[in-house]
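J.: Below is the file upload-v3.cif, with mmCIF, C-alpha atoms.
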data_input
#
loop_
_atom_site.group_PDB
_atom_site.id
_atom_site.type_symbol
_atom_site.label_atom_id
_atom_site.label_comp_id
_atom_site.auth_asym_id
_atom_site.auth_seq_id
_atom_site.Cartn_x
_atom_site.Cartn_y
_atom_site.Cartn_z
ATOM 1 C CA CYS A 1 -35.951 12.038 13.427
ATOM 2 C CA SER A 2 -33.149 12.647 15.930
ATOM 3 C CA SER A 3 -30.659 10.962 13.593
ATOM 4 C CA THR A 4 -31.793 13.278 10.773
ATOM 5 C CA HIS A 5 -31.279 16.318 12.984
ATOM 6 C CA ALA A 6 -27.829 15.048 13.962
ATOM 7 C CA ALA A 7 -26.893 14.589 10.319
ATOM 8 C CA GLU A 8 -28.106 18.087 9.510
ATOM 9 C CA ALA A 9 -26.125 19.482 12.434
ATOM 10 C CA ARG A 10 -22.980 17.937 11.022
ATOM 11 C CA LYS A 11 -23.392 19.447 7.585
ATOM 12 C CA PRO A 12 -21.831 22.894 8.232
ATOM 13 C CA TRP A 13 -18.731 21.279 9.764
ATOM 14 C CA GLN A 14 -18.474 18.818 6.922
ATOM 15 C CA GLN A 15 -18.899 21.590 4.377
ATOM 16 C CA ASP A 16 -16.150 23.637 6.046
ATOM 17 C CA LYS A 17 -13.870 20.602 6.007
ATOM 18 C CA ASN A 18 -14.586 19.943 2.324
ATOM 19 C CA ASN A 19 -13.980 23.599 1.463
ATOM 20 C CA GLN A 20 -10.698 23.594 3.379
ATOM 21 C CA GLY A 21 -9.611 20.417 1.613
ATOM 22 C CA ALA A 22 -10.378 21.899 -1.786
ATOM 23 C CA SER A 23 -8.516 25.082 -0.843
ATOM 24 C CA ASP A 24 -5.470 23.097 0.338
ATOM 25 C CA MET A 25 -5.431 21.060 -2.876
ATOM 26 C CA ALA A 26 -5.607 24.199 -5.012
ATOM 27 C CA ALA A 27 -2.760 25.819 -3.067
ATOM 28 C CA GLN A 28 -0.667 22.665 -3.360
ATOM 29 C CA ALA A 29 -1.274 22.438 -7.109
ATOM 30 C CA ALA A 30 -0.127 26.057 -7.566
ATOM 31 C CA LYS A 31 2.986 25.847 -5.353
ATOM 32 C CA ARG A 32 6.346 25.843 -7.117
ATOM 33 C CA ILE A 33 8.543 22.781 -6.632
ATOM 34 C CA ASN A 34 11.905 23.698 -5.137
ATOM 35 C CA LYS A 35 12.488 21.018 -2.491
ATOM 36 C CA VAL A 36 12.515 17.428 -3.714
ATOM 37 C CA GLY A 37 13.032 14.285 -1.648
ATOM 38 C CA PHE A 38 13.965 10.914 -3.111
ATOM 39 C CA LEU A 39 13.479 7.662 -1.224
ATOM 40 C CA VAL A 40 15.844 4.986 -2.492
ATOM 41 C CA ALA A 41 15.533 1.696 -0.630
ATOM 42 C CA MET A 42 18.998 0.232 -1.207
ATOM 43 C CA GLN A 43 22.336 1.922 -0.607
ATOM 44 C CA GLU A 44 23.619 0.397 -3.846
ATOM 45 C CA GLU A 45 20.819 2.085 -5.782
ATOM 46 C CA ALA A 46 21.342 5.458 -4.117
ATOM 47 C CA ALA A 47 25.146 5.721 -4.158
ATOM 48 C CA PRO A 48 25.686 6.773 -7.821
ATOM 49 C CA PHE A 49 23.018 9.490 -7.590
ATOM 50 C CA ILE A 50 24.330 10.802 -4.265
ATOM 51 C CA GLY A 51 27.857 10.864 -5.653
ATOM 52 C CA ALA A 52 26.877 12.591 -8.888
ATOM 53 C CA LEU A 53 25.105 15.405 -7.019
ATOM 54 C CA LYS A 54 27.807 15.575 -4.307
ATOM 55 C CA LEU A 55 25.207 15.424 -1.566
ATOM 56 C CA GLN A 56 26.352 15.518 2.053
ATOM 57 C CA LYS A 57 25.339 13.059 4.753
ATOM 58 C CA ARG A 58 23.262 14.383 7.624
ATOM 59 C CA ALA A 59 23.890 13.542 11.250
ATOM 60 C CA PRO A 60 22.133 10.301 12.295
ATOM 61 C CA HIS A 61 18.428 10.564 13.018
ATOM 62 C CA ALA A 62 17.605 10.524 16.724
ATOM 63 C CA ARG A 63 14.749 7.994 16.485
ATOM 64 C CA ALA A 64 15.334 5.782 13.451
ATOM 65 C CA PRO A 65 18.124 4.206 11.404
ATOM 66 C CA ILE A 66 17.308 6.224 8.290
ATOM 67 C CA VAL A 67 20.174 7.775 6.336
ATOM 68 C CA VAL A 68 19.701 11.201 4.740
ATOM 69 C CA HIS A 69 21.931 13.016 2.239
ATOM 70 C CA GLU A 70 21.184 16.594 1.223
ATOM 71 C CA GLY A 71 22.457 19.357 -0.990
ATOM 72 C CA SER A 72 21.444 21.326 -4.033
ATOM 73 C CA TYR A 73 21.056 20.758 -7.738
ATOM 74 C CA LYS A 74 20.758 23.908 -9.828
ATOM 75 C CA ASP A 75 17.858 25.771 -8.165
ATOM 76 C CA ALA A 76 16.498 22.834 -6.158
ATOM 77 C CA THR A 77 17.142 21.580 -2.649
ATOM 78 C CA VAL A 78 17.585 17.823 -2.896
ATOM 79 C CA LEU A 79 17.345 15.185 -0.178
ATOM 80 C CA VAL A 80 17.930 11.456 -0.604
ATOM 81 C CA TYR A 81 16.488 9.171 2.065
ATOM 82 C CA SER A 82 17.384 5.526 2.638
ATOM 83 C CA PRO A 83 15.776 3.370 5.347
ATOM 84 C CA GLY A 84 19.205 2.433 6.695
ATOM 85 C CA VAL A 85 21.532 -0.517 7.034
ATOM 86 C CA VAL A 86 21.587 -3.404 9.522
ATOM 87 C CA ASP A 87 24.497 -5.873 9.564
ATOM 88 C CA GLY A 88 25.717 -4.434 6.288
ATOM 89 C CA LYS A 89 22.398 -4.992 4.497
ATOM 90 C CA SER A 90 19.970 -2.300 3.328
ATOM 91 C CA LEU A 91 16.617 -2.301 5.106
ATOM 92 C CA VAL A 92 14.037 -3.210 2.470
ATOM 93 C CA GLY A 93 10.294 -3.799 2.494
ATOM 94 C CA THR A 94 7.194 -1.813 3.299
ATOM 95 C CA ASP A 95 7.773 -1.296 7.037
ATOM 96 C CA ALA A 96 11.128 0.424 6.613
ATOM 97 C CA ALA A 97 9.897 2.403 3.618
ATOM 98 C CA PHE A 98 6.774 3.712 5.352
ATOM 99 C CA LEU A 99 8.720 4.810 8.428
ATOM 100 C CA THR A 100 11.286 6.612 6.285
ATOM 101 C CA ALA A 101 8.616 8.414 4.270
ATOM 102 C CA PHE A 102 6.704 9.364 7.400
ATOM 103 C CA LEU A 103 9.818 10.957 8.904
ATOM 104 C CA ALA A 104 10.797 12.579 5.594
ATOM 105 C CA ALA A 105 7.526 14.520 5.697
ATOM 106 C CA GLU A 106 9.010 16.518 8.588
ATOM 107 C CA ASP A 107 11.292 18.217 6.043
ATOM 108 C CA GLY A 108 8.375 19.917 4.299
ATOM 109 C CA LEU A 109 9.023 18.546 0.823
ATOM 110 C CA ASP A 110 7.366 19.996 -2.255
ATOM 111 C CA LEU A 111 7.629 16.637 -4.029
ATOM 112 C CA PHE A 112 8.455 13.117 -2.860
ATOM 113 C CA VAL A 113 9.876 10.630 -5.370
ATOM 114 C CA ASN A 114 10.374 6.909 -4.895
ATOM 115 C CA ALA A 115 13.391 6.106 -7.064
ATOM 116 C CA GLY A 116 14.533 2.521 -7.352
ATOM 117 C CA THR A 117 14.443 -0.802 -9.095
ATOM 118 C CA CYS A 118 11.596 -3.171 -9.859
ATOM 119 C CA GLY A 119 10.620 -6.341 -11.605
ATOM 120 C CA GLY A 120 9.007 -6.033 -15.028
ATOM 121 C CA PHE A 121 6.670 -8.283 -17.014
ATOM 122 C CA ALA A 122 7.525 -9.602 -20.474
ATOM 123 C CA LYS A 123 3.838 -10.165 -21.233
ATOM 124 C CA ARG A 124 3.301 -6.406 -20.852
ATOM 125 C CA GLY A 125 6.314 -5.362 -22.898
ATOM 126 C CA GLY A 126 8.746 -4.966 -19.995
ATOM 127 C CA LYS A 127 12.497 -5.289 -20.560
ATOM 128 C CA VAL A 128 15.520 -4.986 -18.289
ATOM 129 C CA GLY A 129 16.567 -1.336 -18.243
ATOM 130 C CA ASP A 130 13.094 0.081 -18.952
ATOM 131 C CA VAL A 131 12.232 3.176 -16.903
ATOM 132 C CA TYR A 132 8.682 3.635 -15.594
ATOM 133 C CA CYS A 133 6.857 6.534 -14.008
ATOM 134 C CA CYS A 134 4.232 4.519 -12.167
ATOM 135 C CA GLY A 135 0.794 6.063 -11.902
ATOM 136 C CA GLU A 136 -1.027 3.644 -9.594
ATOM 137 C CA PHE A 137 -0.135 1.375 -6.671
ATOM 138 C CA LYS A 138 -1.556 -1.707 -4.984
ATOM 139 C CA HIS A 139 -0.375 -4.361 -2.524
ATOM 140 C CA HIS A 140 -0.453 -7.990 -3.688
ATOM 141 C CA ASP A 141 0.362 -9.808 -0.436
ATOM 142 C CA ARG A 142 -2.265 -8.407 1.911
ATOM 143 C CA ARG A 143 -4.911 -11.103 1.756
ATOM 144 C CA VAL A 144 -7.750 -10.395 4.182
ATOM 145 C CA PRO A 145 -10.952 -11.977 2.783
ATOM 146 C CA ILE A 146 -13.354 -9.940 4.905
ATOM 147 C CA PRO A 147 -15.640 -7.391 3.219
ATOM 148 C CA GLY A 148 -14.180 -3.910 3.547
ATOM 149 C CA TYR A 149 -10.856 -5.116 4.901
ATOM 150 C CA ASP A 150 -9.965 -6.786 1.593
ATOM 151 C CA SER A 151 -10.013 -3.571 -0.443
ATOM 152 C CA MET A 152 -8.553 -1.480 2.373
ATOM 153 C CA CYS A 153 -5.529 -3.753 2.755
ATOM 154 C CA VAL A 154 -4.856 -4.049 -0.975
ATOM 155 C CA GLY A 155 -5.259 -0.297 -1.357
ATOM 156 C CA HIS A 156 -5.377 1.564 -4.644
ATOM 157 C CA ARG A 157 -3.493 4.830 -4.563
ATOM 158 C CA ARG A 158 -2.405 7.091 -7.364
ATOM 159 C CA ALA A 159 0.667 9.147 -8.031
ATOM 160 C CA THR A 160 0.515 12.845 -8.787
ATOM 161 C CA PRO A 161 -0.324 13.104 -12.507
ATOM 162 C CA ALA A 162 2.805 13.953 -14.519
ATOM 163 C CA PRO A 163 1.935 13.578 -18.219
ATOM 164 C CA GLY A 164 4.460 16.224 -19.271
ATOM 165 C CA LEU A 165 7.299 14.457 -17.467
ATOM 166 C CA VAL A 166 6.332 11.106 -18.982
ATOM 167 C CA SER A 167 6.237 12.599 -22.470
ATOM 168 C CA LYS A 168 9.447 14.646 -22.103
ATOM 169 C CA LEU A 169 11.562 11.731 -20.849
ATOM 170 C CA GLY A 170 9.823 9.005 -22.843
ATOM 171 C CA LEU A 171 8.927 7.014 -19.730
ATOM 172 C CA LYS A 172 6.661 3.995 -19.595
ATOM 173 C CA THR A 173 3.677 4.087 -17.238
ATOM 174 C CA GLY A 174 1.334 1.729 -15.429
ATOM 175 C CA LEU A 175 0.482 0.184 -12.082
ATOM 176 C CA CYS A 176 3.136 -0.908 -9.597
ATOM 177 C CA THR A 177 2.289 -3.811 -7.294
ATOM 178 C CA THR A 178 4.054 -3.993 -3.934
ATOM 179 C CA GLY A 179 4.866 -6.882 -1.610
ATOM 180 C CA ASN A 180 7.441 -7.899 0.970
ATOM 181 C CA SER A 181 9.072 -10.750 -0.949
ATOM 182 C CA LEU A 182 11.463 -10.607 -3.877
ATOM 183 C CA ASP A 183 10.027 -13.681 -5.550
ATOM 184 C CA CYS A 184 6.557 -14.110 -7.041
ATOM 185 C CA SER A 185 4.807 -16.913 -5.183
ATOM 186 C CA PRO A 186 2.036 -19.083 -6.694
ATOM 187 C CA THR A 187 -0.365 -17.333 -4.320
ATOM 188 C CA ASP A 188 0.722 -13.830 -5.348
ATOM 189 C CA ALA A 189 0.859 -14.498 -9.097
ATOM 190 C CA PRO A 190 -2.910 -14.492 -9.865
ATOM 191 C CA ILE A 191 -3.437 -11.391 -7.703
ATOM 192 C CA ILE A 192 -0.691 -9.569 -9.596
ATOM 193 C CA GLU A 193 -2.104 -10.776 -12.913
ATOM 194 C CA GLU A 194 -5.563 -9.466 -12.045
ATOM 195 C CA SER A 195 -4.140 -6.065 -11.139
ATOM 196 C CA GLY A 196 -2.537 -5.656 -14.558
ATOM 197 C CA ALA A 197 0.706 -4.481 -12.952
ATOM 198 C CA VAL A 198 3.675 -3.501 -15.115
ATOM 199 C CA CYS A 199 6.096 -3.225 -12.178
ATOM 200 C CA LYS A 200 6.603 -5.271 -9.010
ATOM 201 C CA ASP A 201 8.539 -3.835 -6.073
ATOM 202 C CA MET A 202 8.813 -3.822 -2.275
ATOM 203 C CA GLU A 203 7.938 -0.259 -1.259
ATOM 204 C CA ALA A 204 6.033 2.010 -3.666
ATOM 205 C CA ALA A 205 2.462 1.340 -2.473
ATOM 206 C CA SER A 206 3.441 2.020 1.140
ATOM 207 C CA LEU A 207 5.253 5.204 0.147
ATOM 208 C CA ALA A 208 2.192 6.365 -1.760
ATOM 209 C CA HIS A 209 0.164 5.831 1.418
ATOM 210 C CA ALA A 210 2.634 7.813 3.533
ATOM 211 C CA ALA A 211 2.687 10.649 0.986
ATOM 212 C CA GLU A 212 -1.111 10.696 0.987
ATOM 213 C CA LEU A 213 -1.179 11.016 4.778
ATOM 214 C CA SER A 214 1.241 13.954 4.748
ATOM 215 C CA GLY A 215 -0.373 15.607 1.724
ATOM 216 C CA THR A 216 2.896 15.494 -0.242
ATOM 217 C CA PRO A 217 2.808 15.139 -4.054
ATOM 218 C CA PHE A 218 4.269 11.769 -5.016
ATOM 219 C CA LEU A 219 5.973 10.167 -8.010
ATOM 220 C CA ALA A 220 7.617 6.770 -8.474
ATOM 221 C CA ILE A 221 10.474 6.320 -10.962
ATOM 222 C CA LYS A 222 11.398 2.650 -11.417
ATOM 223 C CA VAL A 223 14.087 0.881 -13.452
ATOM 224 C CA VAL A 224 13.567 -2.787 -14.329
ATOM 225 C CA THR A 225 16.253 -5.174 -13.046
ATOM 226 C CA ASP A 226 14.498 -8.495 -13.617
ATOM 227 C CA ILE A 227 11.617 -10.035 -15.520
ATOM 228 C CA VAL A 228 9.056 -11.555 -13.180
ATOM 229 C CA ASP A 229 7.616 -13.862 -15.842
ATOM 230 C CA GLY A 230 10.991 -14.607 -17.437
ATOM 231 C CA PRO A 231 13.165 -17.742 -17.418
ATOM 232 C CA HIS A 232 15.758 -16.617 -14.847
ATOM 233 C CA ALA A 233 15.642 -16.832 -11.051
ATOM 234 C CA THR A 234 14.596 -13.415 -9.748
ATOM 235 C CA GLN A 235 17.425 -13.063 -7.240
ATOM 236 C CA ASP A 236 20.089 -13.975 -9.812
ATOM 237 C CA GLU A 237 18.767 -11.583 -12.458
ATOM 238 C CA PHE A 238 18.283 -8.815 -9.889
ATOM 239 C CA LEU A 239 21.849 -9.035 -8.615
ATOM 240 C CA ALA A 240 23.268 -9.284 -12.133
ATOM 241 C CA ASN A 241 21.512 -6.083 -13.234
ATOM 242 C CA LEU A 242 21.535 -4.005 -10.035
ATOM 243 C CA SER A 243 24.652 -2.014 -10.944
ATOM 244 C CA THR A 244 23.376 -1.253 -14.454
ATOM 245 C CA ALA A 245 19.972 -0.193 -13.111
ATOM 246 C CA SER A 246 21.587 2.047 -10.485
ATOM 247 C CA LYS A 247 23.550 3.833 -13.211
ATOM 248 C CA ALA A 248 20.323 4.261 -15.187
ATOM 249 C CA LEU A 249 18.788 5.936 -12.125
ATOM 250 C CA GLN A 250 21.812 8.221 -11.911
ATOM 251 C CA LYS A 251 21.056 9.319 -15.473
ATOM 252 C CA VAL A 252 17.287 9.739 -15.265
ATOM 253 C CA LEU A 253 16.910 11.336 -11.824
ATOM 254 C CA PRO A 254 18.746 14.580 -12.715
ATOM 255 C CA GLU A 255 16.496 14.724 -15.787
ATOM 256 C CA VAL A 256 13.489 14.413 -13.489
ATOM 257 C CA LEU A 257 14.880 17.245 -11.344
ATOM 258 C CA ASP A 258 15.480 19.406 -14.409
ATOM 259 C CA TYR A 259 11.861 18.949 -15.435
ATOM 260 C CA VAL A 260 10.062 19.389 -12.103
ATOM 261 C CA THR A 261 12.091 22.202 -10.516
ATOM 262 C CA GLY A 262 10.286 25.514 -10.594
ATOM 263 C CA LYS A 263 7.089 24.021 -11.977
ATOM 264 C CA SER A 264 3.845 23.748 -10.082
ATOM 265 C CA VAL A 265 2.350 20.319 -9.423
ATOM 266 C CA ALA A 266 -0.375 21.178 -11.905
ATOM 267 C CA GLU A 267 2.265 21.706 -14.602
ATOM 268 C CA LEU A 268 3.876 18.273 -14.273
#
Could you render the structure as structure tokens?
T.:
Amino acid sequence: CSSTHAAEARKPWQQDKNNQGASDMAAQAAKRINKVGFLVAMQEEAAPFIGALKLQKRAPHARAPIVVHEGSYKDATVLVYSPGVVDGKSLVGTDAAFLTAFLAAEDGLDLFVNAGTCGGFAKRGGKVGDVYCCGEFKHHDRRVPIPGYDSMCVGHRRATPAPGLVSKLGLKTGLCTTGNSLDCSPTDAPIIEESGAVCKDMEAASLAHAAELSGTPFLAIKVVTDIVDGPHATQDEFLANLSTASKALQKVLPEVLDYVTGKSVAEL
């Protein structure tokens, strides 16, 4: 009986919280997009886009190695975040990505976009140079076979719906699977297969989590550099196509900005 009374006592607070959440979501959906942040994991991927928009480098962050460039494009404020460089190498993987996204939230972005490269799958129609707007995200290398922990660690987050953007730019869509290794190990392969992923990367699922925590609308634009189920070694194909993929990002990201700027999230 006492537990029933306690549950009933919680109901007004829970109702207020639910109402506030619904109100916040409605306000977010109606807000116009004028400040867009892009997280690009590798300096090589980001450089052509930064150069094309003539963005300026911010002073170093006081608490982290992240690198931020900012400026404007038409009517939008644009920021490009990279996790940073150590010993001449870009910081890649989920840890660096999550930290960067968490700190980027301090800038009060209207939209957060993960822009970068990925592996594609021939069995699902993927080809080098394809551009995806990924709609869902999971982790494939978080194996914790304990009820509750298994699903929590894998996660299953979704991007902000953007059917108009996908249609306008002719983008492919699907689930992106994230892990901290470039290769696809025999252990990871069946997990990825079960997920039905069309893209494999090293940051998107963690960025989706960070965006969820900060309440920031989130998109992921990915260009395929290598074919996970193809005949070539992943690292060789990735390096061979990185420059081409980076130029493809330079082309598509201004098109993304053209489409989203001034729209509400609900209009994407």
J.: Evaluate the PyMOL selection byres ((chain A and resi 208) around 9) here and jot the selected residues down as a PDB file with C-alpha atoms, keeping the file's coordinate frame.
T.:
ATOM      1  CA  PHE A  98       6.774   3.712   5.352  1.00  0.00           C
ATOM      2  CA  ASN A 114      10.374   6.909  -4.895  1.00  0.00           C
ATOM      3  CA  GLU A 136      -1.027   3.644  -9.594  1.00  0.00           C
ATOM      4  CA  PHE A 137      -0.135   1.375  -6.671  1.00  0.00           C
ATOM      5  CA  ARG A 157      -3.493   4.830  -4.563  1.00  0.00           C
ATOM      6  CA  ARG A 158      -2.405   7.091  -7.364  1.00  0.00           C
ATOM      7  CA  ALA A 159       0.667   9.147  -8.031  1.00  0.00           C
ATOM      8  CA  GLU A 203       7.938  -0.259  -1.259  1.00  0.00           C
ATOM      9  CA  ALA A 204       6.033   2.010  -3.666  1.00  0.00           C
ATOM     10  CA  ALA A 205       2.462   1.340  -2.473  1.00  0.00           C
ATOM     11  CA  SER A 206       3.441   2.020   1.140  1.00  0.00           C
ATOM     12  CA  LEU A 207       5.253   5.204   0.147  1.00  0.00           C
ATOM     13  CA  HIS A 209       0.164   5.831   1.418  1.00  0.00           C
ATOM     14  CA  ALA A 210       2.634   7.813   3.533  1.00  0.00           C
ATOM     15  CA  ALA A 211       2.687  10.649   0.986  1.00  0.00           C
ATOM     16  CA  GLU A 212      -1.111  10.696   0.987  1.00  0.00           C
ATOM     17  CA  LEU A 213      -1.179  11.016   4.778  1.00  0.00           C
ATOM     18  CA  PHE A 218       4.269  11.769  -5.016  1.00  0.00           C
ATOM     19  CA  LEU A 219       5.973  10.167  -8.010  1.00  0.00           C
ATOM     20  CA  ALA A 220       7.617   6.770  -8.474  1.00  0.00           C
TER      21      ALA A 220
END
J.: Mind giving me the straight-line distance from atom CA of A:Leu239 to atom CA of A:Arg143 in Å, one decimal?
T.: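 Distance reported for this atom pair: 28.8 Å.
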J.: Using all atoms listed in the file, which of the listed residues (A:Ser82, A:Thr160, A:Thr77, A:Thr100) sits closest to A:Thr216?
T.: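 Checking each candidate against A:Thr216, we get A:Thr160 as the closest.
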J.: Quick one: which stretch 59-167 of chain A residues come within 10 Å of stretch 221-228 of chain A, and what is the nearest atom pair for each with the distance in Å to one decimal, counting all atoms listed in the file, rows ordered by chain and ascending number, as JSON lines?
T.:
{"residue": "A:Val113", "atom": "CA", "partner": "A:Ile221", "partner_atom": "CA", "distance": 7.1}
{"residue": "A:Asn114", "atom": "CA", "partner": "A:Ile221", "partner_atom": "CA", "distance": 6.1}
{"residue": "A:Ala115", "atom": "CA", "partner": "A:Ile221", "partner_atom": "CA", "distance": 4.9}
{"residue": "A:Gly116", "atom": "CA", "partner": "A:Lys222", "partner_atom": "CA", "distance": 5.1}
{"residue": "A:Thr117", "atom": "CA", "partner": "A:Val223", "partner_atom": "CA", "distance": 4.7}
{"residue": "A:Cys118", "atom": "CA", "partner": "A:Val224", "partner_atom": "CA", "distance": 4.9}
{"residue": "A:Gly119", "atom": "CA", "partner": "A:Asp226", "partner_atom": "CA", "distance": 4.9}
{"residue": "A:Gly120", "atom": "CA", "partner": "A:Ile227", "partner_atom": "CA", "distance": 4.8}
{"residue": "A:Phe121", "atom": "CA", "partner": "A:Ile227", "partner_atom": "CA", "distance": 5.5}
{"residue": "A:Ala122", "atom": "CA", "partner": "A:Ile227", "partner_atom": "CA", "distance": 6.4}
{"residue": "A:Lys123", "atom": "CA", "partner": "A:Ile227", "partner_atom": "CA", "distance": 9.7}
{"residue": "A:Gly126", "atom": "CA", "partner": "A:Ile227", "partner_atom": "CA", "distance": 7.3}
{"residue": "A:Lys127", "atom": "CA", "partner": "A:Val224", "partner_atom": "CA", "distance": 6.8}
{"residue": "A:Val128", "atom": "CA", "partner": "A:Val224", "partner_atom": "CA", "distance": 4.9}
{"residue": "A:Gly129", "atom": "CA", "partner": "A:Val224", "partner_atom": "CA", "distance": 5.1}
{"residue": "A:Asp130", "atom": "CA", "partner": "A:Val224", "partner_atom": "CA", "distance": 5.5}
{"residue": "A:Val131", "atom": "CA", "partner": "A:Val223", "partner_atom": "CA", "distance": 4.5}
{"residue": "A:Tyr132", "atom": "CA", "partner": "A:Lys222", "partner_atom": "CA", "distance": 5.1}
{"residue": "A:Cys133", "atom": "CA", "partner": "A:Ile221", "partner_atom": "CA", "distance": 4.7}
{"residue": "A:Cys134", "atom": "CA", "partner": "A:Ile221", "partner_atom": "CA", "distance": 6.6}
{"residue": "A:Gly135", "atom": "CA", "partner": "A:Ile221", "partner_atom": "CA", "distance": 9.7}
J.: Expressed in Å to a single decimal, how great is the separation between atom CA of A:His69 and atom CA of A:Gln56?
T.: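 Atom-to-atom, atom CA of A:His69 to atom CA of A:Gln56, that is 5.1 Å.
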J.: Stretch 185-190 of chain A: which residues within 9 Å, counting all atoms listed in the file, same-chain residues fewer than 4 positions away excluded, as a list of chain:residue names?
T.: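 The neighbour list is A:His140, A:Asp141, A:Gly179, A:Ser181, A:Glu194, A:Ser195.
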J.: For the atom pair atom CA of A:Gln43 and atom CA of A:Val80, what is the interatomic distance in Å to one decimal place?
T.: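 For atom CA of A:Gln43 relative to atom CA of A:Val80, the distance reads 10.5 Å.
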J.: Which residue gives the smallest distance to A:Lys138 among A:Pro217, A:Pro163, A:Gly196, A:Pro254, with all atoms listed in the file counted?
T.: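 Looking only at the distances to A:Lys138, the closest residue turns out to be A:Gly196.
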J.: Can you tell me, as a list in words, which residues sit within 7 Å of (19.9, 2.7, 11.6) in the file's frame, using only C-alpha atoms?
T.: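 The distance filter leaves exactly Ala64, Pro65, Ile66, Gly84, Val85 and Val86 of chain A.
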J.: Could you pull the residues within 9 Å of A:Ser246, counting only C-alpha atoms, minus those fewer than 4 positions along the same chain, as a list in words?
T.: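 Listed by chain and then number, they are Glu44, Glu45, Ala46, Ala47, Pro48, Phe49, Gly116, Thr117, Val223, Asn241, Leu242, Gln250 and Lys251 of chain A.
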J.: Extract, using only C-alpha atoms, all DNA, RNA and protein residues at most 8 Å from A:Tyr73, discarding same-chain residues fewer than 4 positions from it, and format them as number ranges by chain.
T.: A: 53, 77-78, 257
J.: For the structure shown, which residues end up in the PyMOL selection byres ((chain A and resi 170) around 12)? Put them as an MDAnalysis selection string, please?
T.: chainID A and resid 130:133 162:169 171:173 252 255:256
J.: Between A:Phe238, A:Arg63, A:Asp183, A:Leu79, which residue has the minimum interatomic distance to A:Leu111, considering only C-alpha atoms?
T.: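 Going through A:Phe238, A:Arg63, A:Asp183, A:Leu79 one by one, the smallest distance to A:Leu111 is for A:Leu79.
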J.: I need the residue nearest A:Asp110 from this list: A:His232, A:Lys35, A:Lys200, A:Lys263. Use all atoms listed in the file for the distance.
T.: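 Among the listed residues, A:Lys35 lies closest to A:Asp110.
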J.: Taking all atoms listed in the file into account, name the residue in A:Gly125, A:Gly108, A:Gly148, A:Gly262 that is nearest to A:Ser214.
T.: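 Once distances to A:Ser214 are computed over all atoms listed in the file, the minimum belongs to A:Gly108.
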J.: Can you give me N, CA, C and O atoms for stretch 153-163 of chain A, written as a short mmCIF file (atom, residue, chain, number, x, y, z; two decimals), keeping the file's coordinate frame?
T.:
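Dumped to result-v5.cif:
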data_model
loop_
_atom_site.label_atom_id
_atom_site.label_comp_id
_atom_site.auth_asym_id
_atom_site.auth_seq_id
_atom_site.Cartn_x
_atom_site.Cartn_y
_atom_site.Cartn_z
N CYS A 153 -6.89 -3.23 2.62
CA CYS A 153 -5.53 -3.75 2.76
C CYS A 153 -4.78 -3.76 1.42
O CYS A 153 -3.59 -3.45 1.38
N VAL A 154 -5.48 -4.10 0.35
CA VAL A 154 -4.86 -4.05 -0.98
C VAL A 154 -4.53 -2.61 -1.34
O VAL A 154 -3.46 -2.31 -1.87
N GLY A 155 -5.45 -1.71 -1.04
CA GLY A 155 -5.26 -0.30 -1.36
C GLY A 155 -5.29 -0.06 -2.86
O GLY A 155 -5.15 -0.97 -3.66
N HIS A 156 -5.49 1.17 -3.23
CA HIS A 156 -5.38 1.56 -4.64
C HIS A 156 -5.14 3.06 -4.65
O HIS A 156 -6.06 3.86 -4.68
N ARG A 157 -3.86 3.42 -4.62
CA ARG A 157 -3.49 4.83 -4.56
C ARG A 157 -2.88 5.26 -5.88
O ARG A 157 -2.38 4.45 -6.64
N ARG A 158 -2.89 6.55 -6.10
CA ARG A 158 -2.40 7.09 -7.36
C ARG A 158 -1.30 8.11 -7.14
O ARG A 158 -1.32 8.85 -6.14
N ALA A 159 -0.38 8.14 -8.06
CA ALA A 159 0.67 9.15 -8.03
C ALA A 159 0.11 10.49 -8.49
O ALA A 159 -0.99 10.57 -9.07
N THR A 160 0.84 11.54 -8.23
CA THR A 160 0.52 12.84 -8.79
C THR A 160 0.62 12.76 -10.31
O THR A 160 1.63 12.28 -10.84
N PRO A 161 -0.40 13.17 -11.04
CA PRO A 161 -0.32 13.10 -12.51
C PRO A 161 0.86 13.91 -13.05
O PRO A 161 1.09 15.04 -12.63
N ALA A 162 1.62 13.29 -13.95
CA ALA A 162 2.80 13.95 -14.52
C ALA A 162 2.93 13.63 -16.01
O ALA A 162 3.95 13.11 -16.46
N PRO A 163 1.90 13.94 -16.80
CA PRO A 163 1.94 13.58 -18.22
C PRO A 163 3.05 14.27 -18.99
O PRO A 163 3.63 13.70 -19.92
#
